[in-house]
Structure formats: C-alpha cells, structure tokens
>>> print(open('protein-v7.csv').read())   # CSV, C-alpha atoms and all ligand atoms
chain,number,residue,atom,x,y,z
A,1,MET,CA,-5.8,10.5,-6.4
A,2,ASP,CA,-7.7,12.1,-9.3
A,3,LEU,CA,-11.4,12.2,-9.7
A,4,ARG,CA,-11.4,9.8,-12.5
A,5,VAL,CA,-10.4,7.1,-10.1
A,6,VAL,CA,-13.3,7.9,-7.8
A,7,CYS,CA,-15.7,7.7,-10.8
A,8,ALA,CA,-14.5,4.5,-12.3
A,9,VAL,CA,-13.2,2.4,-9.4
A,10,LEU,CA,-14.5,3.5,-6.0
A,11,LEU,CA,-18.2,4.1,-6.8
A,12,PRO,CA,-19.1,0.6,-7.9
A,13,LEU,CA,-18.0,-0.6,-4.4
A,14,PHE,CA,-20.7,1.1,-2.6
A,15,ALA,CA,-23.1,0.9,-5.5
A,16,PHE,CA,-23.6,-2.8,-4.6
A,17,THR,CA,-24.6,-2.1,-1.0
A,18,TYR,CA,-28.1,-0.5,-1.1
A,19,ALA,CA,-28.8,-0.1,-4.8
A,20,GLU,CA,-32.5,0.6,-5.4
A,21,GLN,CA,-34.3,0.6,-8.6
A,22,VAL,CA,-36.0,4.0,-8.8
A,23,LYS,CA,-39.0,5.2,-10.6
A,24,PHE,CA,-38.2,7.7,-13.3
A,25,VAL,CA,-39.8,9.6,-16.2
A,26,ASP,CA,-38.2,9.5,-19.6
A,27,CYS,CA,-37.7,13.1,-20.8
A,28,GLY,CA,-36.6,12.3,-24.4
A,29,SER,CA,-34.1,9.5,-24.8
A,30,VAL,CA,-34.0,9.7,-28.6
A,31,ALA,CA,-30.6,8.0,-29.2
A,32,GLY,CA,-31.2,5.2,-26.7
A,33,THR,CA,-33.7,3.3,-24.5
A,34,VAL,CA,-33.5,3.4,-20.7
A,35,VAL,CA,-33.6,-0.1,-19.1
A,36,GLN,CA,-33.2,0.7,-15.4
A,37,VAL,CA,-32.1,3.4,-13.0
A,38,GLU,CA,-30.5,2.6,-9.6
A,39,ILE,CA,-29.6,5.0,-6.9
A,40,SER,CA,-27.7,4.1,-3.8
A,41,PRO,CA,-28.3,4.4,-1.0
A,42,CYS,CA,-32.0,5.0,-1.4
A,43,PRO,CA,-34.1,2.8,0.9
A,44,ASN,CA,-37.3,4.8,0.4
A,45,GLN,CA,-38.6,6.8,-2.6
A,46,PRO,CA,-38.4,9.6,-3.3
A,47,CYS,CA,-34.7,9.2,-2.5
A,48,GLN,CA,-33.6,11.3,0.5
A,49,LEU,CA,-30.3,13.0,-0.2
A,50,HIS,CA,-28.4,14.0,2.9
A,51,LYS,CA,-26.3,17.1,2.6
A,52,GLY,CA,-22.6,16.5,2.5
A,53,GLU,CA,-23.1,13.0,1.2
A,54,SER,CA,-22.7,11.5,-2.2
A,55,TYR,CA,-25.0,9.1,-4.0
A,56,SER,CA,-24.2,6.8,-6.8
A,57,VAL,CA,-26.4,6.7,-9.8
A,58,ASN,CA,-26.5,3.7,-12.2
A,59,VAL,CA,-28.4,4.2,-15.4
A,60,THR,CA,-28.6,1.2,-17.7
A,61,PHE,CA,-29.6,1.8,-21.3
A,62,ASN,CA,-29.5,0.4,-24.7
A,63,SER,CA,-27.8,2.6,-27.3
A,64,GLY,CA,-29.5,3.2,-30.6
A,65,VAL,CA,-26.5,5.0,-32.2
A,66,VAL,CA,-22.8,4.8,-32.7
A,67,SER,CA,-21.0,7.6,-30.7
A,68,GLN,CA,-17.3,8.4,-30.0
A,69,THR,CA,-18.2,10.5,-26.9
A,70,SER,CA,-20.8,10.8,-24.2
A,71,LYS,CA,-21.3,13.8,-22.0
A,72,ALA,CA,-23.5,14.0,-18.9
A,73,VAL,CA,-25.6,17.0,-18.1
A,74,VAL,CA,-27.6,17.3,-14.9
A,75,TYR,CA,-30.2,19.8,-13.8
A,76,GLY,CA,-32.4,20.3,-10.8
A,77,TRP,CA,-36.0,21.5,-11.3
A,78,LEU,CA,-36.9,23.9,-8.4
A,79,VAL,CA,-40.5,25.1,-8.6
A,80,GLY,CA,-40.5,25.0,-12.3
A,81,VAL,CA,-37.0,26.6,-12.7
A,82,LYS,CA,-34.2,24.5,-14.3
A,83,VAL,CA,-30.9,24.9,-12.4
A,84,PRO,CA,-27.6,23.4,-13.6
A,85,PHE,CA,-26.3,20.8,-11.1
A,86,PRO,CA,-22.5,20.4,-11.2
A,87,ILE,CA,-21.2,16.9,-11.3
A,88,PRO,CA,-17.5,16.0,-10.8
A,89,ILE,CA,-17.0,14.3,-14.1
A,90,ASP,CA,-19.2,14.8,-17.2
A,91,ASP,CA,-17.4,12.4,-19.5
A,92,GLY,CA,-19.6,9.3,-19.6
A,93,CYS,CA,-16.8,7.4,-21.2
A,94,LYS,CA,-14.9,7.6,-17.9
A,95,CYS,CA,-18.0,6.5,-15.9
A,96,GLY,CA,-18.6,2.9,-16.7
A,97,ILE,CA,-19.2,3.3,-20.5
A,98,GLN,CA,-16.7,1.8,-22.9
A,99,CYS,CA,-16.4,4.2,-25.8
A,100,PRO,CA,-16.8,4.3,-28.7
A,101,ILE,CA,-20.5,3.5,-28.0
A,102,GLN,CA,-21.9,0.9,-30.3
A,103,GLN,CA,-25.4,0.6,-31.7
A,104,GLN,CA,-27.7,-2.0,-30.1
A,105,LYS,CA,-25.5,-2.5,-27.0
A,106,ARG,CA,-26.3,-2.2,-23.4
A,107,TYR,CA,-24.4,0.1,-21.2
A,108,SER,CA,-24.4,1.1,-17.5
A,109,TYR,CA,-23.5,4.7,-16.7
A,110,ILE,CA,-22.2,5.0,-13.2
A,111,ASN,CA,-21.6,8.3,-11.5
A,112,GLN,CA,-22.1,10.1,-8.3
A,113,LEU,CA,-24.4,12.9,-7.2
A,114,PRO,CA,-22.6,14.9,-4.5
A,115,VAL,CA,-25.0,16.9,-2.3
A,116,LYS,CA,-23.5,20.1,-1.2
A,117,THR,CA,-24.0,21.3,2.3
A,118,GLU,CA,-25.2,24.7,1.1
A,119,TYR,CA,-28.1,23.2,-0.8
A,120,PRO,CA,-31.5,24.1,0.7
A,121,SER,CA,-33.7,21.4,2.3
A,122,ILE,CA,-36.3,21.0,-0.5
A,123,LYS,CA,-37.9,18.5,-2.7
A,124,LEU,CA,-36.8,18.7,-6.3
A,125,VAL,CA,-36.7,16.8,-9.6
A,126,VAL,CA,-33.3,15.8,-10.9
A,127,GLN,CA,-33.0,15.6,-14.7
A,128,TRP,CA,-30.0,13.6,-15.9
A,129,GLU,CA,-29.0,13.4,-19.5
A,130,LEU,CA,-26.2,11.7,-21.4
A,131,ARG,CA,-25.5,13.2,-24.8
A,132,GLU,CA,-23.9,11.6,-27.8
A,133,ASP,CA,-21.6,13.1,-30.5
A,134,SER,CA,-24.4,15.2,-32.0
A,135,GLU,CA,-25.9,16.2,-28.6
A,136,LYS,CA,-28.8,13.9,-28.8
A,137,ASP,CA,-29.8,12.2,-25.6
A,138,LEU,CA,-28.7,8.6,-25.2
A,139,PHE,CA,-30.9,8.9,-22.1
A,140,CYS,CA,-32.8,11.6,-20.4
A,141,ILE,CA,-34.4,10.7,-17.1
A,142,LYS,CA,-36.2,12.7,-14.4
A,143,PHE,CA,-36.7,11.5,-10.8
A,144,PRO,CA,-37.8,13.2,-7.7
A,145,VAL,CA,-35.5,13.6,-4.7
A,146,GLN,CA,-35.7,15.2,-1.3
A,147,ILE,CA,-32.7,17.1,0.1
A,148,VAL,CA,-32.4,16.7,3.9
A,149,SER,CA,-29.9,17.8,6.5
B,201,LIG,C1,-25.8,-1.1,-12.7
B,201,LIG,O1,-27.1,-1.7,-13.0
B,201,LIG,C2,-27.0,-2.8,-13.9
B,201,LIG,C3,-28.5,-3.2,-14.1
B,201,LIG,O2,-29.2,-3.5,-13.0
B,201,LIG,C4,-26.3,-3.9,-13.1
B,201,LIG,O3,-26.2,-5.1,-14.0
B,201,LIG,C5,-24.9,-3.4,-12.8
B,201,LIG,O4,-24.2,-4.4,-12.1
B,201,LIG,C6,-24.9,-2.2,-12.0
B,201,LIG,N1,-23.6,-1.6,-11.8
B,201,LIG,C7,-23.2,-1.2,-10.6
B,201,LIG,C8,-21.8,-0.8,-10.5
B,201,LIG,O5,-23.9,-1.2,-9.6
>>> encode(input="protein-v7.csv", output="structure tokens", more="lines below")
Ligand SMILES: *[C@@H]1O[C@H](CO)[C@@H](O)[C@H](O)[C@H]1NC(C)=O
Amino acid sequence: MDLRVVCAVLLPLFAFTYAEQVKFVDCGSVAGTVVQVEISPCPNQPCQLHKGESYSVNVTFNSGVVSQTSKAVVYGWLVGVKVPFPIPIDDGCKCGIQCPIQQQKRYSYINQLPVKTEYPSIKLVVQWELREDSEKDLFCIKFPVQIVS
C-alpha cells in the first residue's frame, strides 16, 4: 500500500470520529480564505499530540485563484525558531483537493500530522501552509499544540 492511499482514503475514516474545530491564527492566506480548521482527535485545546500517533488535519478554505498544483509546507515554531516539519505527502492535490484548483470554490485539505517518538515533550506552534503555482499561500495557519508522551 503506498502513502497516497493513506492520505486520500484511510484518513477521512478517523477524521469523522473526534474532529474538533480548532482556533487558529491566519499567517497570510493571500490566495485564499480559511473557513475552518479541524484536527482529530483533539478533545481539548491546545491539541495534545501523543508521540508515535498521527493526527488528521482538515483545513477548509475558499480559493481566490486558479492553480494547477498545491504544495503543503509545515513548520514548527520552537521558542521563536522555525523548524521544518516533515509530512508524508506534500502534494495537496492528493489530499482531498481536486486539481486544478478553481477560483471562488471551497476545498477541504485533508492530511496527517505524524508525531515522531523522538520529538521532545514541549509546547509549540504549528504553521501549515498550502502554496499554489506561484508559491502564494492558499492558506497559512498557525495553531498551538502540546507534544506529550
Ligand atoms: C472537513 O471539514 C469540512 C468542513 O467542516 C467538512 O465538511 C468535511 O466533511 C471534513 N472532511 C473530513 C474528511 O473530515
């Protein structure tokens, strides 16, 4: 089974179980407008992310542009330092978004946030961006999380 299947098919199954609308800060969605952000499971905010587990992220946004592609970029902010966060699949077109992206249409980007066991137990802010053809952000969101054992 390749990772694409995990991204497109399996994740929505558990996304329905405990999906919580989370508070976020918009960090410059110039090519779109964020409607809602859901993370599951996340019964209390800030979301507690247990090491070795994976969390689904569902970002619903309205596109302001036409784009053939979409690429996700994730960072963690650790005491003011921006650290790249690897995600299994960065192609948004394989994660719930039907490409090409049309203008004035609503999309839900679905992906997972795997929490590696070697991550430290800290609070941090996750910055999640989805970029269109010319690297402008369809969305840029920031939300706090707490990594726990
Ligand atoms: C993602 O969120 C949108 C808006 O709440 C919802 O309509 C959609 O069903 C969600 N998708 C999944 C897979 O949870």
>>> atom_distance(input="protein-v7.csv", atom1="CA of Leu130 in chain A", atom2="CA of His50 in chain A")
24.5 Å
>>> closest_residue(input="protein-v7.csv", among="A:Gly80, A:Pro100, A:Pro144, A:Pro41", to="Ser56 in chain A", atoms="all atoms listed in the file")
A:Pro41
>>> atom_distance(input="protein-v7.csv", atom1="CA of Cys47 in chain A", atom2="CA of Gln112 in chain A")
13.9 Å
>>> residues_around(input="protein-v7.csv", residues="Cys93 in chain A", least_positions_apart="3", cutoff="7 Å", atoms="all atoms listed in the file", output="ChimeraX atom specification")
/A:69-70,96-99
>>> atom_distance(input="protein-v7.csv", atom1="CA of Ser54 in chain A", atom2="CA of Lys116 in chain A")
8.7 Å
>>> closest_residue(input="protein-v7.csv", among="A:Val25, A:Pro84, A:Asp133, A:Trp128", to="Asn58 in chain A", atoms="all atoms listed in the file")
A:Trp128
>>> closest_residue(input="protein-v7.csv", among="A:Leu78, A:Ile110, A:Val148, A:Ile89", to="Ala19 in chain A", atoms="all atoms listed in the file")
A:Ile110
>>> decode(input="protein-v7.csv", residues="range 98-109 of chain A", atoms="all heavy atoms", output="short mmCIF file (atom, residue, chain, number, x, y, z; two decimals), in the first residue's frame")
data_model
loop_
_atom_site.label_atom_id
_atom_site.label_comp_id
_atom_site.auth_asym_id
_atom_site.auth_seq_id
_atom_site.Cartn_x
_atom_site.Cartn_y
_atom_site.Cartn_z
N GLN A 98 -9.28 18.57 -5.32
CA GLN A 98 -9.36 18.20 -6.72
C GLN A 98 -8.73 19.31 -7.57
O GLN A 98 -9.22 20.44 -7.59
CB GLN A 98 -10.84 18.01 -7.10
CG GLN A 98 -11.00 17.12 -8.32
CD GLN A 98 -12.42 17.09 -8.82
OE1 GLN A 98 -13.36 17.34 -8.07
NE2 GLN A 98 -12.58 16.81 -10.10
N CYS A 99 -7.61 18.96 -8.22
CA CYS A 99 -6.89 19.94 -9.02
C CYS A 99 -7.25 19.77 -10.49
O CYS A 99 -7.59 18.67 -10.90
CB CYS A 99 -5.38 19.77 -8.83
SG CYS A 99 -4.87 20.24 -7.17
N PRO A 100 -7.19 20.80 -11.34
CA PRO A 100 -6.77 22.15 -10.98
C PRO A 100 -7.75 22.84 -10.04
O PRO A 100 -8.96 22.62 -10.11
CB PRO A 100 -6.71 22.87 -12.33
CG PRO A 100 -7.62 22.09 -13.23
CD PRO A 100 -7.53 20.67 -12.77
N ILE A 101 -7.19 23.68 -9.18
CA ILE A 101 -8.00 24.45 -8.24
C ILE A 101 -8.67 25.59 -8.99
O ILE A 101 -8.04 26.27 -9.81
CB ILE A 101 -7.09 24.97 -7.10
CG1 ILE A 101 -6.61 23.78 -6.25
CG2 ILE A 101 -7.80 26.03 -6.26
CD1 ILE A 101 -5.57 24.12 -5.21
N GLN A 102 -9.94 25.74 -8.72
CA GLN A 102 -10.69 26.82 -9.38
C GLN A 102 -10.87 27.99 -8.43
O GLN A 102 -10.80 27.83 -7.23
CB GLN A 102 -12.06 26.30 -9.82
CG GLN A 102 -11.98 25.20 -10.87
CD GLN A 102 -13.31 24.50 -11.08
OE1 GLN A 102 -14.36 25.13 -11.02
NE2 GLN A 102 -13.26 23.20 -11.29
N GLN A 103 -11.12 29.13 -9.04
CA GLN A 103 -11.34 30.34 -8.25
C GLN A 103 -12.74 30.30 -7.62
O GLN A 103 -13.66 29.73 -8.18
CB GLN A 103 -11.23 31.55 -9.18
CG GLN A 103 -10.82 32.81 -8.50
CD GLN A 103 -10.51 33.92 -9.50
OE1 GLN A 103 -10.56 33.69 -10.70
NE2 GLN A 103 -10.22 35.09 -9.01
N GLN A 104 -12.87 30.89 -6.44
CA GLN A 104 -14.16 31.00 -5.75
C GLN A 104 -14.80 29.64 -5.48
O GLN A 104 -16.01 29.49 -5.56
CB GLN A 104 -15.16 31.88 -6.54
CG GLN A 104 -14.65 33.20 -7.03
CD GLN A 104 -14.18 34.12 -5.92
OE1 GLN A 104 -14.36 33.82 -4.74
NE2 GLN A 104 -13.58 35.23 -6.26
N LYS A 105 -13.98 28.64 -5.20
CA LYS A 105 -14.52 27.34 -4.85
C LYS A 105 -14.01 26.93 -3.49
O LYS A 105 -12.92 27.31 -3.09
CB LYS A 105 -14.11 26.29 -5.91
CG LYS A 105 -15.31 25.68 -6.63
CD LYS A 105 -14.92 24.49 -7.45
CE LYS A 105 -15.60 23.24 -6.93
NZ LYS A 105 -15.29 22.05 -7.76
N ARG A 106 -14.81 26.13 -2.78
CA ARG A 106 -14.42 25.70 -1.44
C ARG A 106 -13.75 24.33 -1.50
O ARG A 106 -14.23 23.43 -2.20
CB ARG A 106 -15.67 25.64 -0.55
CG ARG A 106 -15.36 25.26 0.88
CD ARG A 106 -16.54 25.52 1.80
NE ARG A 106 -16.75 26.96 1.93
CZ ARG A 106 -17.55 27.50 2.88
NH1 ARG A 106 -18.17 26.73 3.74
NH2 ARG A 106 -17.70 28.80 2.93
N TYR A 107 -12.64 24.20 -0.79
CA TYR A 107 -11.89 22.94 -0.77
C TYR A 107 -11.58 22.55 0.68
O TYR A 107 -11.42 23.42 1.54
CB TYR A 107 -10.57 23.09 -1.52
CG TYR A 107 -10.74 23.34 -3.00
CD1 TYR A 107 -10.76 24.64 -3.51
CD2 TYR A 107 -10.91 22.28 -3.88
CE1 TYR A 107 -10.94 24.87 -4.87
CE2 TYR A 107 -11.09 22.50 -5.24
CZ TYR A 107 -11.11 23.80 -5.73
OH TYR A 107 -11.29 24.02 -7.07
N SER A 108 -11.49 21.24 0.90
CA SER A 108 -11.01 20.76 2.19
C SER A 108 -9.73 19.98 1.97
O SER A 108 -9.70 19.01 1.23
CB SER A 108 -12.06 19.85 2.87
OG SER A 108 -13.10 20.64 3.38
N TYR A 109 -8.68 20.47 2.60
CA TYR A 109 -7.38 19.81 2.52
C TYR A 109 -7.27 18.87 3.72
O TYR A 109 -7.42 19.29 4.88
CB TYR A 109 -6.29 20.89 2.56
CG TYR A 109 -4.91 20.35 2.84
CD1 TYR A 109 -4.15 19.79 1.83
CD2 TYR A 109 -4.37 20.42 4.12
CE1 TYR A 109 -2.88 19.30 2.08
CE2 TYR A 109 -3.10 19.93 4.39
CZ TYR A 109 -2.36 19.38 3.36
OH TYR A 109 -1.13 18.88 3.63
#
